[in-house]
Structures are given as structure tokens and as C-alpha cells.
$ cat coords.csv   # CSV, C-alpha atoms (C1' of nucleotides) and all ligand atoms
chain,number,residue,atom,x,y,z
C,21,MET,CA,-3.6,0.6,2.7
C,22,LEU,CA,-1.7,0.3,6.0
C,23,PHE,CA,1.5,2.3,5.2
C,24,SER,CA,2.3,5.2,2.8
C,25,LYS,CA,4.8,4.7,0.1
C,26,THR,CA,7.2,6.8,2.1
C,27,CYS,CA,6.9,4.4,5.0
C,28,GLU,CA,7.1,1.3,2.9
C,29,TYR,CA,10.3,2.4,1.2
C,30,GLY,CA,11.7,3.7,4.5
C,31,ILE,CA,11.2,0.3,6.2
C,32,ARG,CA,12.6,-1.6,3.3
C,33,ALA,CA,15.6,0.6,3.0
C,34,ALA,CA,16.3,0.4,6.8
C,35,VAL,CA,15.9,-3.4,6.8
C,36,TYR,CA,18.3,-3.7,3.9
C,37,ILE,CA,20.9,-1.5,5.5
C,38,ALA,CA,20.5,-3.6,8.7
C,39,SER,CA,20.9,-6.8,6.8
C,40,GLN,CA,24.4,-5.6,5.6
C,41,HIS,CA,25.5,-4.8,9.1
C,42,ASP,CA,28.3,-7.4,9.1
C,43,LYS,CA,29.8,-6.0,5.9
C,44,ASP,CA,32.9,-3.9,6.4
C,45,TYR,CA,31.8,-1.2,4.0
C,46,LYS,CA,28.9,1.4,4.1
C,47,ILE,CA,26.0,1.0,1.8
C,48,GLY,CA,25.3,3.5,-0.9
C,49,ILE,CA,21.9,4.8,-2.0
C,50,THR,CA,22.3,3.2,-5.5
C,51,GLU,CA,22.8,-0.3,-4.0
C,52,ILE,CA,20.0,0.1,-1.6
C,53,CYS,CA,17.5,1.2,-4.2
C,54,GLU,CA,18.5,-1.7,-6.5
C,55,LYS,CA,18.0,-4.2,-3.8
C,56,ILE,CA,14.7,-2.9,-2.6
C,57,GLU,CA,13.4,-1.8,-6.0
C,58,ALA,CA,12.6,1.7,-4.9
C,59,PRO,CA,12.9,5.1,-6.7
C,60,ARG,CA,16.4,6.4,-6.0
C,61,HIS,CA,15.9,10.1,-5.3
C,62,PHE,CA,12.7,9.6,-3.4
C,63,THR,CA,14.3,7.0,-1.2
C,64,ALA,CA,17.3,9.2,-0.6
C,65,LYS,CA,14.9,11.9,0.8
C,66,ILE,CA,13.4,9.3,3.1
C,67,LEU,CA,16.8,8.2,4.3
C,68,GLN,CA,17.6,11.8,5.1
C,69,ILE,CA,14.7,11.8,7.5
C,70,LEU,CA,15.6,8.5,9.1
C,71,THR,CA,19.2,9.7,9.5
C,72,ARG,CA,18.1,13.0,11.0
C,73,GLU,CA,15.9,11.0,13.5
C,74,GLY,CA,18.9,8.8,14.4
C,75,LEU,CA,17.3,5.6,13.1
C,76,VAL,CA,20.0,5.2,10.5
C,77,SER,CA,23.6,6.5,10.4
C,78,SER,CA,25.3,7.9,7.3
C,79,GLN,CA,28.7,9.2,6.2
C,80,LYS,CA,29.5,11.5,3.4
C,81,GLY,CA,32.4,11.4,1.0
C,82,VAL,CA,34.5,8.6,-0.5
C,83,ASN,CA,33.6,5.2,0.8
C,84,GLY,CA,30.7,6.8,2.6
C,85,GLY,CA,27.1,5.5,2.7
C,86,PHE,CA,24.5,4.3,5.2
C,87,PHE,CA,24.9,1.9,8.1
C,88,MET,CA,23.3,0.9,11.4
C,89,ASP,CA,24.8,0.0,14.7
C,90,GLU,CA,23.4,-2.7,17.1
C,91,GLU,CA,21.4,-0.1,19.0
C,92,GLN,CA,19.7,1.1,15.9
C,93,MET,CA,18.9,-2.4,14.8
C,94,ASN,CA,17.2,-3.0,18.1
C,95,ARG,CA,14.7,-0.2,17.6
C,96,PRO,CA,11.2,-1.5,17.2
C,97,LEU,CA,9.6,-1.0,13.8
C,98,ILE,CA,7.1,1.4,15.4
C,99,ALA,CA,9.9,3.9,16.0
C,100,LEU,CA,10.5,4.1,12.3
C,101,VAL,CA,6.8,4.3,11.4
C,102,GLU,CA,6.2,7.1,13.9
C,103,ALA,CA,9.2,9.0,12.6
C,104,VAL,CA,7.7,8.9,9.1
C,105,GLU,CA,4.0,9.0,9.6
C,106,GLY,CA,3.8,10.9,12.9
C,107,THR,CA,2.7,9.5,16.2
C,108,GLU,CA,-1.1,10.3,15.9
C,109,ALA,CA,-1.5,7.9,12.9
C,110,LEU,CA,-2.0,5.0,15.3
C,111,SER,CA,-4.7,6.5,17.4
C,112,ARG,CA,-7.0,8.2,15.0
C,113,CYS,CA,-10.6,7.2,14.4
C,114,GLY,CA,-11.1,4.5,11.7
C,115,LEU,CA,-14.0,6.4,10.2
C,116,GLY,CA,-12.3,9.8,10.3
C,117,LEU,CA,-14.1,11.4,13.2
C,118,ARG,CA,-12.2,14.3,14.7
C,119,ALA,CA,-11.1,12.1,17.5
C,120,CYS,CA,-11.4,8.5,18.6
C,121,SER,CA,-13.1,8.4,21.9
C,122,GLU,CA,-14.9,6.0,24.2
C,123,LYS,CA,-17.5,8.6,25.0
C,124,GLU,CA,-18.6,9.3,21.4
C,125,PRO,CA,-17.4,6.3,19.5
C,126,CYS,CA,-18.0,5.7,15.8
C,127,PRO,CA,-19.9,2.5,14.9
C,128,LEU,CA,-16.7,0.7,14.1
C,129,HIS,CA,-14.9,1.8,17.2
C,130,ASN,CA,-15.0,-1.4,19.2
C,131,LYS,CA,-13.8,-3.7,16.5
C,132,TYR,CA,-11.4,-1.2,15.0
C,133,LYS,CA,-9.8,-0.5,18.4
C,134,ALA,CA,-8.9,-4.2,18.7
C,135,ILE,CA,-7.3,-4.1,15.2
C,136,ARG,CA,-5.4,-1.0,16.0
C,137,THR,CA,-4.0,-2.7,19.1
C,138,ASN,CA,-2.9,-5.6,17.0
C,139,ILE,CA,-1.2,-3.3,14.6
C,140,ALA,CA,0.6,-1.5,17.4
C,141,SER,CA,1.8,-4.8,19.0
C,142,MET,CA,3.0,-6.0,15.6
C,143,LEU,CA,5.0,-2.8,15.2
C,144,THR,CA,6.3,-2.9,18.8
C,145,GLY,CA,7.1,-6.6,18.8
C,146,ILE,CA,9.5,-6.6,15.9
C,147,THR,CA,12.8,-4.8,15.5
C,148,ILE,CA,14.5,-3.7,12.3
C,149,GLY,CA,17.2,-6.2,13.2
C,150,ASP,CA,14.6,-9.0,13.5
C,151,MET,CA,13.4,-8.3,10.0
C,152,ALA,CA,17.0,-8.1,8.7
C,153,LYS,CA,17.7,-11.5,10.2
C,154,LYS,CA,14.8,-13.0,8.2
C,155,LEU,CA,16.3,-11.6,5.1
C,156,GLN,CA,19.7,-13.0,5.8
C,157,LYS,CA,18.2,-16.4,6.5
C,158,GLY,CA,16.5,-16.3,3.1
C,159,SER,CA,13.1,-16.7,4.7
C,160,SER,CA,11.9,-13.3,3.5
C,161,PHE,CA,12.5,-10.7,0.8
C,162,LEU,CA,12.4,-7.0,0.1
C,163,LYS,CA,11.5,-7.4,-3.6
C,164,ILE,CA,10.1,-10.0,-5.8
C,165,ALA,CA,12.7,-11.7,-7.9
J,3,MET,CA,-4.5,5.1,8.0
J,4,LEU,CA,-6.9,2.3,7.2
J,5,PHE,CA,-9.4,4.0,4.9
J,6,SER,CA,-9.2,6.8,2.4
J,7,LYS,CA,-11.3,9.9,2.9
J,8,THR,CA,-13.5,8.8,0.1
J,9,CYS,CA,-14.2,5.6,2.0
J,10,GLU,CA,-14.7,7.2,5.3
J,11,TYR,CA,-17.2,9.7,4.0
J,12,GLY,CA,-18.9,6.9,2.0
J,13,ILE,CA,-19.3,4.7,5.0
J,14,ARG,CA,-20.6,7.5,7.2
J,15,ALA,CA,-23.0,8.7,4.5
J,16,ALA,CA,-24.4,5.2,3.9
J,17,VAL,CA,-24.8,4.5,7.6
J,18,TYR,CA,-26.6,7.8,8.1
J,19,ILE,CA,-29.0,7.0,5.3
J,20,ALA,CA,-29.6,3.6,6.7
J,21,SER,CA,-30.3,5.1,10.1
J,22,GLN,CA,-33.1,7.1,8.6
J,23,HIS,CA,-34.7,4.0,7.0
J,24,ASP,CA,-37.9,4.2,9.0
J,25,LYS,CA,-38.6,7.8,7.9
J,26,ASP,CA,-41.2,8.3,5.3
J,27,TYR,CA,-39.1,10.8,3.3
J,28,LYS,CA,-35.9,10.5,1.3
J,29,ILE,CA,-32.7,12.1,2.6
J,30,GLY,CA,-31.1,15.0,0.8
J,31,ILE,CA,-27.4,15.5,0.4
J,32,THR,CA,-27.5,18.7,2.5
J,33,GLU,CA,-28.9,16.9,5.5
J,34,ILE,CA,-26.5,14.0,5.1
J,35,CYS,CA,-23.4,16.2,5.0
J,36,GLU,CA,-24.6,18.2,8.0
J,37,LYS,CA,-25.2,15.1,10.0
J,38,ILE,CA,-21.9,13.4,9.2
J,39,GLU,CA,-19.8,16.6,8.9
J,40,ALA,CA,-18.5,15.9,5.5
J,41,PRO,CA,-17.8,18.2,2.4
J,42,ARG,CA,-21.0,18.4,0.4
J,43,HIS,CA,-19.9,18.2,-3.2
J,44,PHE,CA,-17.3,15.6,-2.5
J,45,THR,CA,-19.7,13.4,-0.7
J,46,ALA,CA,-22.2,13.8,-3.4
J,47,LYS,CA,-19.7,12.3,-5.8
J,48,ILE,CA,-19.1,9.4,-3.5
J,49,LEU,CA,-22.8,8.8,-3.2
J,50,GLN,CA,-23.0,8.7,-7.0
J,51,ILE,CA,-20.6,5.8,-6.9
J,52,LEU,CA,-22.5,4.0,-4.2
J,53,THR,CA,-25.7,4.5,-6.1
J,54,ARG,CA,-24.2,3.3,-9.3
J,55,GLU,CA,-23.0,0.2,-7.5
J,56,GLY,CA,-26.4,-0.4,-6.0
J,57,LEU,CA,-25.4,0.0,-2.4
J,58,VAL,CA,-27.6,3.0,-2.0
J,59,SER,CA,-30.8,4.1,-3.9
J,60,SER,CA,-31.6,7.6,-5.0
J,61,GLN,CA,-34.4,9.5,-6.6
J,62,LYS,CA,-34.2,12.8,-8.5
J,63,GLY,CA,-36.6,15.6,-8.4
J,64,VAL,CA,-39.0,17.1,-5.9
J,65,ASN,CA,-39.0,15.2,-2.6
J,66,GLY,CA,-36.2,13.1,-4.0
J,67,GLY,CA,-33.0,12.1,-2.2
J,68,PHE,CA,-31.2,9.0,-1.0
J,69,PHE,CA,-32.6,5.9,0.7
J,70,MET,CA,-31.9,2.3,1.4
J,71,ASP,CA,-34.0,-0.8,1.5
J,72,GLU,CA,-33.6,-3.8,3.8
J,73,GLU,CA,-31.5,-5.7,1.3
J,74,GLN,CA,-29.1,-2.8,1.0
J,75,MET,CA,-28.8,-2.4,4.7
J,76,ASN,CA,-27.9,-6.1,5.0
J,77,ARG,CA,-24.9,-5.7,2.8
J,78,PRO,CA,-21.7,-6.2,4.8
J,79,LEU,CA,-19.4,-3.2,5.2
J,80,ILE,CA,-16.8,-4.9,3.0
J,81,ALA,CA,-19.1,-4.5,0.0
J,82,LEU,CA,-19.0,-0.8,0.3
J,83,VAL,CA,-15.2,-0.7,1.0
J,84,GLU,CA,-14.5,-2.8,-2.1
J,85,ALA,CA,-16.8,-0.6,-4.2
J,86,VAL,CA,-14.8,2.4,-3.2
J,87,GLU,CA,-11.2,1.1,-2.8
J,88,GLY,CA,-11.3,-1.8,-5.2
J,89,THR,CA,-11.0,-5.4,-4.3
J,90,GLU,CA,-7.2,-5.7,-4.3
J,91,ALA,CA,-6.7,-3.3,-1.4
J,92,LEU,CA,-7.3,-6.1,1.1
J,93,SER,CA,-4.7,-8.4,-0.4
J,94,ARG,CA,-1.7,-6.4,-1.2
J,95,CYS,CA,1.7,-6.6,0.6
J,96,GLY,CA,2.0,-4.5,3.7
J,97,LEU,CA,5.5,-3.4,2.7
J,98,GLY,CA,4.5,-2.7,-0.9
J,99,LEU,CA,6.1,-5.6,-2.7
J,100,ARG,CA,4.6,-6.2,-6.1
J,101,ALA,CA,2.6,-9.1,-4.7
J,102,CYS,CA,2.0,-10.6,-1.4
J,103,SER,CA,3.0,-14.3,-1.6
J,104,GLU,CA,3.9,-17.1,0.7
J,105,LYS,CA,6.8,-18.1,-1.6
J,106,GLU,CA,8.6,-14.7,-1.4
J,107,PRO,CA,7.1,-13.0,1.7
J,108,CYS,CA,8.2,-9.7,3.0
J,109,PRO,CA,9.6,-9.7,6.6
J,110,LEU,CA,6.2,-8.5,7.9
J,111,HIS,CA,4.2,-11.0,6.0
J,112,ASN,CA,3.3,-13.5,8.8
J,113,LYS,CA,2.2,-10.9,11.3
J,114,TYR,CA,0.6,-8.7,8.7
J,115,LYS,CA,-1.4,-11.5,7.1
J,116,ALA,CA,-3.1,-12.1,10.5
J,117,ILE,CA,-4.0,-8.5,10.8
J,118,ARG,CA,-5.4,-8.3,7.3
J,119,THR,CA,-7.5,-11.3,8.1
J,120,ASN,CA,-8.8,-9.5,11.2
J,121,ILE,CA,-9.7,-6.5,9.1
J,122,ALA,CA,-11.5,-8.6,6.6
J,123,SER,CA,-13.5,-10.3,9.2
J,124,MET,CA,-14.4,-7.0,10.8
J,125,LEU,CA,-15.6,-5.8,7.4
J,126,THR,CA,-17.5,-9.0,6.6
J,127,GLY,CA,-19.0,-9.4,10.1
J,128,ILE,CA,-20.9,-6.1,10.2
J,129,THR,CA,-23.6,-4.7,7.9
J,130,ILE,CA,-24.4,-1.1,7.2
J,131,GLY,CA,-27.7,-1.8,9.0
J,132,ASP,CA,-25.9,-3.0,12.1
J,133,MET,CA,-24.0,0.2,12.2
J,134,ALA,CA,-27.1,2.2,11.7
J,135,LYS,CA,-28.7,0.5,14.6
J,136,LYS,CA,-25.9,1.5,16.9
J,137,LEU,CA,-26.5,5.1,15.8
J,138,GLN,CA,-30.3,4.9,16.5
J,139,LYS,CA,-29.6,3.4,20.0
J,140,GLY,CA,-27.4,6.4,20.7
J,141,SER,CA,-24.4,4.1,21.4
J,142,SER,CA,-22.4,5.4,18.6
J,143,PHE,CA,-21.9,8.6,16.5
J,144,LEU,CA,-21.0,9.8,13.0
J,145,LYS,CA,-19.5,13.1,14.2
J,146,ILE,CA,-18.3,14.5,17.4
J,147,ALA,CA,-20.8,16.9,19.0
Z,25,DT,C1',46.2,20.5,-1.6
Z,26,DA,C1',43.4,18.7,-5.3
Z,27,DA,C1',40.3,15.4,-7.2
Z,28,DA,C1',36.8,12.2,-6.4
Z,29,DT,C1',33.0,10.6,-4.0
Z,30,DA,C1',28.6,10.3,-1.6
Z,31,DA,C1',25.1,12.2,1.3
Z,32,DA,C1',22.5,16.6,2.4
Z,33,DA,C1',19.7,20.1,0.9
Z,34,DG,C1',16.7,22.6,-1.9
Z,35,DA,C1',14.1,23.5,-6.1
Z,36,DT,C1',11.1,21.7,-9.2
Z,37,DG,C1',7.8,18.5,-11.5
Z,38,DT,C1',4.1,14.9,-11.7
Z,39,DT,C1',0.3,12.2,-10.1
Z,40,DT,C1',-3.3,11.1,-7.0
Z,41,DT,C1',-6.4,12.5,-3.7
Z,42,DT,C1',-9.5,15.6,-2.0
Z,43,DG,C1',-12.6,19.2,-2.7
Z,44,DT,C1',-15.6,22.8,-5.4
Z,45,DC,C1',-18.6,24.6,-9.0
Z,46,DC,C1',-21.6,24.7,-12.9
Z,47,DT,C1',-24.7,22.5,-16.2
Z,48,DT,C1',-27.8,18.7,-17.4
Z,49,DT,C1',-31.3,15.4,-16.5
Z,50,DA,C1',-35.1,13.3,-14.2
Z,51,DT,C1',-39.1,13.8,-11.3
Z,52,DT,C1',-42.8,15.9,-8.8
Z,53,DG,C1',-46.5,19.1,-7.8
Z,54,DC,C1',-49.1,22.7,-9.5
O,18,DG,C1',-47.2,21.9,-19.8
O,19,DC,C1',-44.4,24.6,-16.4
O,20,DA,C1',-41.8,25.7,-12.4
O,21,DA,C1',-39.3,23.9,-8.7
O,22,DT,C1',-36.4,20.5,-7.0
O,23,DA,C1',-32.7,17.2,-6.3
O,24,DA,C1',-29.5,14.0,-8.0
O,25,DA,C1',-26.1,13.0,-12.0
O,26,DG,C1',-22.4,14.4,-14.6
O,27,DG,C1',-18.5,16.9,-16.1
O,28,DA,C1',-15.0,20.6,-15.7
O,29,DC,C1',-12.1,22.6,-12.7
O,30,DA,C1',-9.0,23.8,-8.5
O,31,DA,C1',-6.2,23.0,-4.3
O,32,DA,C1',-3.5,20.1,-1.5
O,33,DA,C1',-0.9,16.1,-0.5
O,34,DA,C1',1.8,12.4,-1.9
O,35,DC,C1',5.1,10.7,-4.9
O,36,DA,C1',9.2,11.5,-7.6
O,37,DT,C1',13.2,13.8,-10.0
O,38,DC,C1',17.0,16.9,-10.7
O,39,DT,C1',20.7,20.2,-9.4
O,40,DT,C1',23.7,22.3,-6.2
O,41,DT,C1',26.1,22.2,-1.8
O,42,DT,C1',28.7,20.2,1.9
O,43,DA,C1',31.5,16.9,4.1
O,44,DT,C1',35.0,13.3,3.7
O,45,DT,C1',38.6,10.4,1.9
O,46,DT,C1',42.5,9.3,-0.8
O,47,DA,C1',46.1,10.2,-3.9
Y,201,LIG,S1,-14.2,6.5,17.4
Y,201,LIG,FE1,-13.9,5.7,15.5
Y,201,LIG,S2,-12.3,4.3,16.0
Y,201,LIG,FE2,-12.7,5.1,17.9
Y,202,LIG,S1,4.4,-10.4,1.3
Y,202,LIG,FE1,4.3,-8.6,2.4
Y,202,LIG,S2,2.4,-8.9,3.4
Y,202,LIG,FE2,2.6,-10.8,2.3
$ encode --input "coords.csv" --output "C-alpha cells"
Amino acid sequence: MLFSKTCEYGIRAAVYIASQHDKDYKIGITEICEKIEAPRHFTAKILQILTREGLVSSQKGVNGGFFMDEEQMNRPLIALVEAVEGTEALSRCGLGLRACSEKEPCPLHNKYKAIRTNIASMLTGITIGDMAKKLQKGSSFLKIA
Amino acid sequence: MLFSKTCEYGIRAAVYIASQHDKDYKIGITEICEKIEAPRHFTAKILQILTREGLVSSQKGVNGGFFMDEEQMNRPLIALVEAVEGTEALSRCGLGLRACSEKEPCPLHNKYKAIRTNIASMLTGITIGDMAKKLQKGSSFLKIA
DNA sequence: TAAATAAAAGATGTTTTTGTCCTTTATTGC
DNA sequence: GCAATAAAGGACAAAAACATCTTTTATTTA
């Protein structure tokens, strides 16, 4: 409902990579997809985008894989969502009018606007690193056991 | 982001029909689609669903068309959304885990749960008739001029 | 330098969503 | 009863989302 599959897998993959930040090796696509229960080739494509956008780092070749530095872990979740879904997704009209506007609002505008604001602050108020920390603490999960 | 196209067109169509409730004639698909700026045949399909579910009434033949009675206008918006999107849409995990659960929550669970609750109360707290009224008052719109 | 490895890139395939078109059925007015 | 009308239903088509497979490129290590 809220996110596309692309976005869901992208978030889960990034959070898993971040959660392995303290490891001394880089994380391969096979391990990532096992741990987040996501389709391998599809997720590889998504990680290509995230890498291109600088949200995740990667290295080819032997002992290569994906990894994230402190700066990348401190990016708010909204950066990843916008990289994947585009920046307009968070400002469009809830009923699909050509634009969301105060001058010609749809009948859901007032209530929807508030919700959209809540979503934006959720995505701005949490970093990939924050989410990774929850994982490490064992207080949250990226797949159901 | 929030609704599918099917749902968006469905809501707009239903609200328009409700807004014409005081008219003494039934509303044809052609008029509806002009007024809400939606694809004609696709919207006709959606109205078939809404009619089948009893959210909207219809009559075939000469001077036929779509209409709604008071009871239908008093249905909360969530009834329409659930008829179109299914009832699970509002309870699934924001990150796409197989289930949303308190025992094995995703890293977004706490914040997302609150938003989902807001969405549910938005959809429960407004009826098709309420939305139609806004339209009649001229304080909201189903397409941009 | 050669072999092994792992991501990048690109081609291709499947499924779902979105959208159109044509035929059938029910209803009305003459 | 008959013609006109409008929704219902079903078949089909296009586009987007989701997913897989193969080849290429970069890197490491022996
Ligand atoms: S106009 Fe529809 S959400 Fe603002
Ligand atoms: S577990 Fe993800 S939203 Fe509840």
C-alpha cells in the first residue's frame, strides 16, 4: 500500500547492509537476499540503483560486496525512498487529481495532507542506521522466522 | 501512493454520483467520466464492482444510470476502499514482511502502525455523502479545472 | 599473468494493473 | 411487440511492476 516492492526490498537490503557495518568483510547479494527473504536478481537491480545514488557502496571482485559507511548510515530513510520512488510521490493528490492544491482541493485533501505530513516526518525522522540498530538489538526483524 | 487508480476512480465516481443525489434523473457513465476526468470503460468496470457490492445502485435501459440512496451515501469511505482493495490492505506490514506482528516487527513497525491507524480513522470518519457535500458547497473538486 | 570472484549491465520473461472494445441483457417509451 | 438506450459482462491490449538470466567489467589472490 505505502511502498512499492522495489522500495520495500531496497529498504530491507540497505538496513541489512547497515546492520553488518561492524563486520570486517563486505556483504554479498546472496547473503543479503537470504537474510531479507527477497528475490535475488531483482534485489541486485535495486542495489545497483542505490549504489549509483550513493546510498550504498559496493566493490567488485574477490571479497567484494556491499557496505555502508557512517555517513551513508546517517541518511534519513526518505533519501532512499525518494531515490527509488521519485520525489513527487510524497506530494501528489490522494485521489489522483492532476495536482494537489489548496485552491482546488479534492474532498480528502485536508485529512490526507495531515497524513502525508506524518509519513514525511516518519521518513525524515529515522535513518538507515537507526533501523539497523533495532535489528542488532533484536527488537526488530527484516523477515519473519 | 496511497490508493490504486482503481480506488481513486472509484471514489471520485461514487462521490460524484452522490453529489447528484437531489437530481431527478440517473447519472450515466459518460457524464460521470467527464466530470471526474477518468477513462470511461475502465471506470465502468469499477462501477460494476461498486454496484455488485451494493455501494452504488444502477438501472439499465432508457433513462437508466447510476444513483445512490441516503443509506449508501452514509457508508464510510473505508467500505468503498475495502470493496476495491480488499480488507487486508490496511493491515499489512509497511516493509512487506509476510505479516505485521508485534512479536516480530519490522524496524518501521511502531511509527508505521500509528500512520496506518490515522489512515483508518480518516477512512472511517468520512462518508461518501460528506465528501459529496463538500463538492456541492464548492469547497472541493473532483478534477482540476 | 591467470583464475576466480562478485557486482554492473543489459536482454528477456512474467504478472499485475490499467485501459479499450464488442456483445449481451435489462428496461423504457413508443 | 419493437426500437432505443444504458449498464453488465467478457475478451482483448498496452503499460508498468516484478522477476530472471546471461554477458561484461572490475578486482583480488595465487
Ligand atoms: S488535492 Fe487531493 S490531496 Fe490535496
Ligand atoms: S511489522 Fe512492519 S509494519 Fe508491523
$ closest_residue --input "coords.csv" --among "C:Ser24, C:Ala38, C:Glu51, C:Val82" --to "chain Z" --atoms "all atoms listed in the file"
C:Val82
$ residues_near_ligand --input "coords.csv" --ligand "ligand LIG 202 (chain Y)" --cutoff "9 Å" --atoms "all atoms listed in the file" --output "list in words"
Ser160, Phe161 and Leu162 of chain C; Ser93, Arg94, Cys95, Gly96, Leu97, Gly98, Leu99, Arg100, Ala101, Cys102, Ser103, Glu104, Lys105, Glu106, Pro107, Cys108, Pro109, Leu110, His111, Asn112, Lys113, Tyr114, Lys115 and Arg118 of chain J
$ residues_around --input "coords.csv" --residues "range 18-21 of chain O" --least-positions-apart "5" --cutoff "9 Å" --atoms "all atoms listed in the file" --output "PDB file with C-alpha atoms (C1' of nucleotides), in the coordinates of the input"
ATOM      1  CA  GLY J  63     -36.600  15.600  -8.400  1.00  0.00           C
ATOM      2  CA  VAL J  64     -39.000  17.100  -5.900  1.00  0.00           C
TER       3      VAL J  64
ATOM      4  C1'  DT Z  52     -42.800  15.900  -8.800  1.00  0.00           C
ATOM      5  C1'  DG Z  53     -46.500  19.100  -7.800  1.00  0.00           C
ATOM      6  C1'  DC Z  54     -49.100  22.700  -9.500  1.00  0.00           C
TER       7       DC Z  54
END
$ interface_residues --input "coords.csv" --of "chain J" --to "chain Z" --cutoff "8 Å" --atoms "all atoms listed in the file" --output "JSON, numbers by chain"
{"J": [7, 41, 43, 44, 61, 62, 63, 64, 65, 66]}
$ closest_residue --input "coords.csv" --among "C:Gly149, C:Asn138, C:Gln68, C:Ala58" --to "chain J" --atoms "all atoms listed in the file"
C:Asn138
$ closest_residue --input "coords.csv" --among "C:Leu110, C:Lys157, C:Asn94, C:Ser141" --to "ligand LIG 201 (chain Y)" --atoms "only C-alpha atoms and all ligand atoms"
C:Leu110
$ interface_residues --input "coords.csv" --of "chain O" --to "chain J" --cutoff "10 Å" --atoms "all atoms listed in the file" --output "PDB file with C-alpha atoms (C1' of nucleotides), in the frame of the given file"
ATOM      1  C1'  DA O  21     -39.300  23.900  -8.700  1.00  0.00           C
ATOM      2  C1'  DT O  22     -36.400  20.500  -7.000  1.00  0.00           C
ATOM      3  C1'  DA O  23     -32.700  17.200  -6.300  1.00  0.00           C
ATOM      4  C1'  DA O  24     -29.500  14.000  -8.000  1.00  0.00           C
ATOM      5  C1'  DA O  25     -26.100  13.000 -12.000  1.00  0.00           C
ATOM      6  C1'  DG O  26     -22.400  14.400 -14.600  1.00  0.00           C
TER       7       DG O  26
END
$ atom_distance --input "coords.csv" --atom1 "CA of Lys145 in chain J" --atom2 "CA of Gln22 in chain J"
15.9 Å
$ atom_distance --input "coords.csv" --atom1 "C1' of DT45 in chain O" --atom2 "CA of Cys53 in chain C"
23.8 Å
$ closest_residue --input "coords.csv" --among "J:Gln74, J:Thr45, J:Ser21, J:Ser141" --to "ligand LIG 201 (chain Y)" --atoms "only C-alpha atoms and all ligand atoms"
J:Ser141
$ atom_distance --input "coords.csv" --atom1 "CA of Thr26 in chain C" --atom2 "CA of Leu97 in chain C"
14.3 Å
$ closest_residue --input "coords.csv" --among "J:Ile80, J:Ile38, J:Lys28, J:Ala85" --to "chain C" --atoms "only C-alpha atoms"
J:Ile38
$ closest_residue --input "coords.csv" --among "J:Glu72, J:Asp132, J:Asp26, J:Glu84" --to "chain C" --atoms "all atoms listed in the file"
J:Asp132
